[in-house]
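Colleague: My questions will all concern the structure given below.
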Amino acid sequence: MPLDTTVSNWTHDKTEARASGGMVSSRHPESAKAGRAILQQGGNAVDAAVAASFAESVVQPAASTIGGGGIFTFRGVDGDAHGINYMWQTPLSAKPDMFPIEGKPERGLFGWSGVKNAANEIGALAVAVPGSVAGLVEASKRFGRLPLKKVLEPAIALAADGYEMDWYGSLMAGIHLDIIKEYPVTARMLLRDGQYPYRPNMIGRADRHKQPALAETLSAIADRGAEAFYTGKVAESIVAAVQEKGGIVSLEDLATYKPFVSKQRSVTYRGHKISGEYSGFVIYGQVFNTLSHFEVGAHAPDSPERLRILIDVLRRCWADKGKVYQDFDTDKGPWDVLLSSAYACQTAQELADSRPKSTFKVSSAGESRTVHISAIDAEGGMASLTETVIGNYGSFICSETGVLLNNGMISFAPIPGEVTSIRPGRRSASSFISPLHITRPDGKSIVTIGSSGGSKIVTSKLQIASLIMDHGMSPQQAVSFPRFDFEGDKLILDPRFPQATIDRLKSLAYDIDLRLEELSTFEYGNPAVLARDADGVITGGVNPFQATTAVGFNAA
């Protein structure tokens, strides 16, 4: 329903962060502050992003930990784009039929359902080989400026000295309390007295959550690099925690895991160069190539004409993407065709001639289990990463060394014969988590856009990018603007859009479900944007409905 004007309704927004010395955005304020501290100590954008990620693994384990994986992208001052893939992968002893099936397996918002007892989602069999530590250390080594030991100092301090529990962390622990308490080590690491959620500040100070085991693990990584995680004490404790509960991750799986430098793809849209990590960029490149054939900017941002263009283009391109699949460790597939100008022209003409029924299929909305972090330094270097422990608290398996492990096996088809079926040592493929880097037509102004929220990442980033490039909105204006999303054949629409727009879309036979975004909901993703103009001024725009924060500092 549209907003009821006879009732007091929540309204939310955030001010736009603005600074000249550097800026970091992250899902948790303590994580963003950790990245800023590293910038202030002479680190570059890569150092800041790595520091923020390790800090995030301490303060928001429901979304991301060093037991997860992700994608890292970096644009140097010289404009060269680089990427590191550190997605999780299947154990070497994994098999296509390793999960008993109950019901019909289906691809959902975050992974596959249909497995008996949700064994690919919760518990030891759900654990895939984690890539976060390997990827972050590689990013630091290749592109960072400061020693890894310095970069990890904020995260180590947060784990050893503790941090004051925030309301979201307390809420998530309470929601999942029954499952957490089924795993004694996890409960001991994450709960107050191993029994209760840590309390946020209501009246007086919040409870302080300390994680000495994780602090020791982070200190070992700071001293010895990724080797300290993938071999020795930490690796042995991970394998023991998994195999004790019936999982199959082995010491060999950990010792042989390697991140790799991934290719970057780019397209040009109205004079802007848009780039991203190759396997996750195809859907974005295809959408912008197709949108280039429509006068998107000629319509008002909240008009039904503009929304109709974006909705139909995105649905069509998503349907195309669903017909193909790409492993992160290969470069095979019709990617060049999907990103070609000829294909975009053909797609645009077909959409102009008719409005096909949607074939876009996504499961019902869920919580966001992902983290996006961005950093821009004073020189104009830009780093972004999107990473996740996949499900809320991942598999719920935690080692005695404080590593909460992912449930990455949910991202593979649990039945043989599918293009995404399980096979030994298979790297998880993501078709959407690649952060977007945009260079404006002047060649100097830059923007980075990322989000968390499963498949909602795609719709949120594309809409925000269009608002910035087609309508000249600032980062915060674009992030705060109402958005749409898809759920099956339904068009999920923010009721903050004008009533005339809603009525017109209904008259065009869209099946609309109006859903108002409120505090702690994720109906339209959890985005963040950082931008640097030609004069070196950095601005940040972040989701007003979450604790997601952008923090910067001014140059001396």
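We label chains A, B, ... in the order they appear in the structure tokens, count residues from 1 in each chain, and number ligands from 1 in the order shown.
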With stretch 449-452 of chain A as the partner and 10 Å as the cut-off, tabulate the residues of stretch 8-80 of chain A that qualify, each row holding the nearest pair of atoms and their distance in Å to one decimal, using only C-alpha atoms, sorted by chain and rising number, as CSV.

Modeller:
```
residue,atom,partner,partner_atom,distance
A:Ser25,CA,A:Gly450,CA,9.9
A:Ser26,CA,A:Ser451,CA,9.8
A:Arg27,CA,A:Ser452,CA,8.8
A:Ala63,CA,A:Ser452,CA,9.3
```

Colleague: Could you tell me, as number ranges by chain, which residues of stretch 148-374 of chain A DSSP assigns to alpha helix (DSSP H) when given the backbone?

Modeller: A: 148-151, 153-161, 167-175, 177-180, 184-190, 212-224, 227-230, 232-244, 251-256, 278-291, 304-321, 335-338, 341-353

Colleague: Fewer than 4 positions away in the same chain doesn't count, so skip those; otherwise give me all residues within 7 Å of stretch 258-267 of chain A, counting only C-alpha atoms, as a PDB file with C-alpha atoms, in the first residue's frame.

Modeller:
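Okay, part35.pdb is ready:
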```
ATOM      1  CA  ALA A  81      42.353  -1.629 -13.004  1.00  0.00           C
ATOM      2  CA  HIS A  82      43.266  -4.790 -11.112  1.00  0.00           C
ATOM      3  CA  GLY A  83      41.307  -7.470  -9.290  1.00  0.00           C
ATOM      4  CA  ILE A  84      41.829 -10.372  -6.933  1.00  0.00           C
ATOM      5  CA  ASN A  85      39.459 -13.312  -6.741  1.00  0.00           C
ATOM      6  CA  TYR A  86      39.339 -15.001  -3.341  1.00  0.00           C
ATOM      7  CA  GLY A 131      39.568 -17.513   0.711  1.00  0.00           C
ATOM      8  CA  ALA A 134      44.605 -15.358   1.175  1.00  0.00           C
ATOM      9  CA  GLY A 135      42.909 -12.685  -0.932  1.00  0.00           C
ATOM     10  CA  LYS A 273      34.147   4.160 -18.305  1.00  0.00           C
ATOM     11  CA  ILE A 274      32.632   1.453 -16.081  1.00  0.00           C
ATOM     12  CA  SER A 275      34.758  -1.511 -15.021  1.00  0.00           C
ATOM     13  CA  GLY A 276      34.532  -4.548 -12.763  1.00  0.00           C
ATOM     14  CA  GLU A 277      35.896  -8.036 -12.086  1.00  0.00           C
ATOM     15  CA  TYR A 278      35.333 -10.106 -15.208  1.00  0.00           C
ATOM     16  CA  PHE A 281      30.699  -7.725 -14.524  1.00  0.00           C
ATOM     17  CA  GLY A 285      28.123  -4.217 -18.835  1.00  0.00           C
TER      18      GLY A 285
END
```

Colleague: Can you work out the spacing between atom CA of A:Ala155 and atom CA of A:Glu56 in Å, to one decimal?

Modeller: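 Between these atoms lies a distance of 7.8 Å.
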
Colleague: Using only C-alpha atoms, pick whichever of A:Asn9, A:Asn201, A:Thr548, A:Gln476 has the shortest atom-to-atom distance to A:Leu530.

Modeller: A:Gln476

Colleague: Applying 8 Å and only C-alpha atoms, which residues near stretch 137-153 of chain A remain after dropping the ones on its own chain fewer than 3 positions away? List them as a PDB file with N, CA and C atoms, in the first residue's frame.

Modeller:
```pdb
ATOM      1  N   ILE A  38      44.145   3.867   9.004  1.00  0.00           N
ATOM      2  CA  ILE A  38      45.271   3.430   8.178  1.00  0.00           C
ATOM      3  C   ILE A  38      45.601   4.467   7.111  1.00  0.00           C
ATOM      4  N   GLY A  42      49.340   6.993   6.557  1.00  0.00           N
ATOM      5  CA  GLY A  42      50.123   6.944   5.333  1.00  0.00           C
ATOM      6  C   GLY A  42      49.782   5.805   4.400  1.00  0.00           C
ATOM      7  N   GLY A  43      48.791   5.010   4.720  1.00  0.00           N
ATOM      8  CA  GLY A  43      48.395   3.917   3.851  1.00  0.00           C
ATOM      9  C   GLY A  43      47.641   4.408   2.630  1.00  0.00           C
ATOM     10  N   ASN A  44      47.588   3.576   1.603  1.00  0.00           N
ATOM     11  CA  ASN A  44      46.801   3.928   0.421  1.00  0.00           C
ATOM     12  C   ASN A  44      45.423   3.270   0.502  1.00  0.00           C
ATOM     13  N   ALA A  45      44.650   3.392  -0.564  1.00  0.00           N
ATOM     14  CA  ALA A  45      43.279   2.874  -0.552  1.00  0.00           C
ATOM     15  C   ALA A  45      43.238   1.371  -0.330  1.00  0.00           C
ATOM     16  N   VAL A  46      44.211   0.647  -0.875  1.00  0.00           N
ATOM     17  CA  VAL A  46      44.254  -0.806  -0.687  1.00  0.00           C
ATOM     18  C   VAL A  46      44.498  -1.139   0.777  1.00  0.00           C
ATOM     19  N   ASP A  47      45.460  -0.481   1.396  1.00  0.00           N
ATOM     20  CA  ASP A  47      45.718  -0.708   2.816  1.00  0.00           C
ATOM     21  C   ASP A  47      44.465  -0.460   3.643  1.00  0.00           C
ATOM     22  N   ALA A  48      43.761   0.631   3.323  1.00  0.00           N
ATOM     23  CA  ALA A  48      42.561   0.990   4.082  1.00  0.00           C
ATOM     24  C   ALA A  48      41.459  -0.039   3.918  1.00  0.00           C
ATOM     25  N   VAL A  50      41.793  -3.237   3.098  1.00  0.00           N
ATOM     26  CA  VAL A  50      42.198  -4.477   3.764  1.00  0.00           C
ATOM     27  C   VAL A  50      42.021  -4.346   5.275  1.00  0.00           C
ATOM     28  N   ALA A  51      42.433  -3.227   5.841  1.00  0.00           N
ATOM     29  CA  ALA A  51      42.282  -3.004   7.278  1.00  0.00           C
ATOM     30  C   ALA A  51      40.814  -3.016   7.678  1.00  0.00           C
ATOM     31  N   PHE A  54      39.434  -6.734   7.618  1.00  0.00           N
ATOM     32  CA  PHE A  54      39.810  -7.521   8.783  1.00  0.00           C
ATOM     33  C   PHE A  54      39.065  -7.031  10.030  1.00  0.00           C
ATOM     34  N   ALA A  55      38.876  -5.720  10.156  1.00  0.00           N
ATOM     35  CA  ALA A  55      38.125  -5.188  11.295  1.00  0.00           C
ATOM     36  C   ALA A  55      36.665  -5.612  11.230  1.00  0.00           C
ATOM     37  N   PHE A  72      38.046  -8.521  -4.780  1.00  0.00           N
ATOM     38  CA  PHE A  72      38.739  -7.268  -4.497  1.00  0.00           C
ATOM     39  C   PHE A  72      39.070  -6.588  -5.821  1.00  0.00           C
ATOM     40  N   ILE A  84      41.408  -9.125  -7.553  1.00  0.00           N
ATOM     41  CA  ILE A  84      41.829 -10.372  -6.933  1.00  0.00           C
ATOM     42  C   ILE A  84      40.585 -11.174  -6.577  1.00  0.00           C
ATOM     43  N   VAL A 133      41.423 -14.616   3.850  1.00  0.00           N
ATOM     44  CA  VAL A 133      42.767 -14.266   4.316  1.00  0.00           C
ATOM     45  C   VAL A 133      43.752 -14.268   3.152  1.00  0.00           C
ATOM     46  N   ALA A 134      43.695 -15.279   2.318  1.00  0.00           N
ATOM     47  CA  ALA A 134      44.605 -15.358   1.175  1.00  0.00           C
ATOM     48  C   ALA A 134      44.420 -14.159   0.251  1.00  0.00           C
ATOM     49  N   ILE A 156      43.188  -6.283  15.238  1.00  0.00           N
ATOM     50  CA  ILE A 156      43.712  -6.997  16.404  1.00  0.00           C
ATOM     51  C   ILE A 156      43.258  -6.311  17.681  1.00  0.00           C
ATOM     52  N   ALA A 157      43.289  -4.975  17.703  1.00  0.00           N
ATOM     53  CA  ALA A 157      42.858  -4.230  18.878  1.00  0.00           C
ATOM     54  C   ALA A 157      41.370  -4.435  19.152  1.00  0.00           C
ATOM     55  N   LEU A 218      44.615 -13.322  14.326  1.00  0.00           N
ATOM     56  CA  LEU A 218      44.933 -12.143  13.523  1.00  0.00           C
ATOM     57  C   LEU A 218      46.384 -11.714  13.736  1.00  0.00           C
ATOM     58  N   SER A 219      46.871 -11.839  14.952  1.00  0.00           N
ATOM     59  CA  SER A 219      48.269 -11.490  15.230  1.00  0.00           C
ATOM     60  C   SER A 219      49.226 -12.417  14.479  1.00  0.00           C
ATOM     61  N   ALA A 222      49.298 -11.323  10.949  1.00  0.00           N
ATOM     62  CA  ALA A 222      50.082 -10.103  10.834  1.00  0.00           C
ATOM     63  C   ALA A 222      51.577 -10.413  10.808  1.00  0.00           C
ATOM     64  N   ASP A 223      51.986 -11.420  11.554  1.00  0.00           N
ATOM     65  CA  ASP A 223      53.406 -11.782  11.641  1.00  0.00           C
ATOM     66  C   ASP A 223      53.876 -12.623  10.459  1.00  0.00           C
ATOM     67  N   GLY A 225      51.724 -13.729   7.619  1.00  0.00           N
ATOM     68  CA  GLY A 225      50.945 -13.695   6.396  1.00  0.00           C
ATOM     69  C   GLY A 225      49.924 -14.812   6.318  1.00  0.00           C
ATOM     70  N   ALA A 226      49.469 -15.099   5.098  1.00  0.00           N
ATOM     71  CA  ALA A 226      48.418 -16.091   4.888  1.00  0.00           C
ATOM     72  C   ALA A 226      48.835 -17.489   5.342  1.00  0.00           C
ATOM     73  N   PRO A 259      44.526 -17.506  -4.042  1.00  0.00           N
ATOM     74  CA  PRO A 259      43.751 -16.481  -4.741  1.00  0.00           C
ATOM     75  C   PRO A 259      44.378 -16.256  -6.107  1.00  0.00           C
TER      76      PRO A 259
END
```

Colleague: Counting only C-alpha atoms, which of A:Ile373, A:Ile457, A:Ala344, A:Ala240 gets nearest to A:Ala550?

Modeller: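 Nearest candidate to A:Ala550 out of A:Ile373, A:Ile457, A:Ala344, A:Ala240: A:Ile373.
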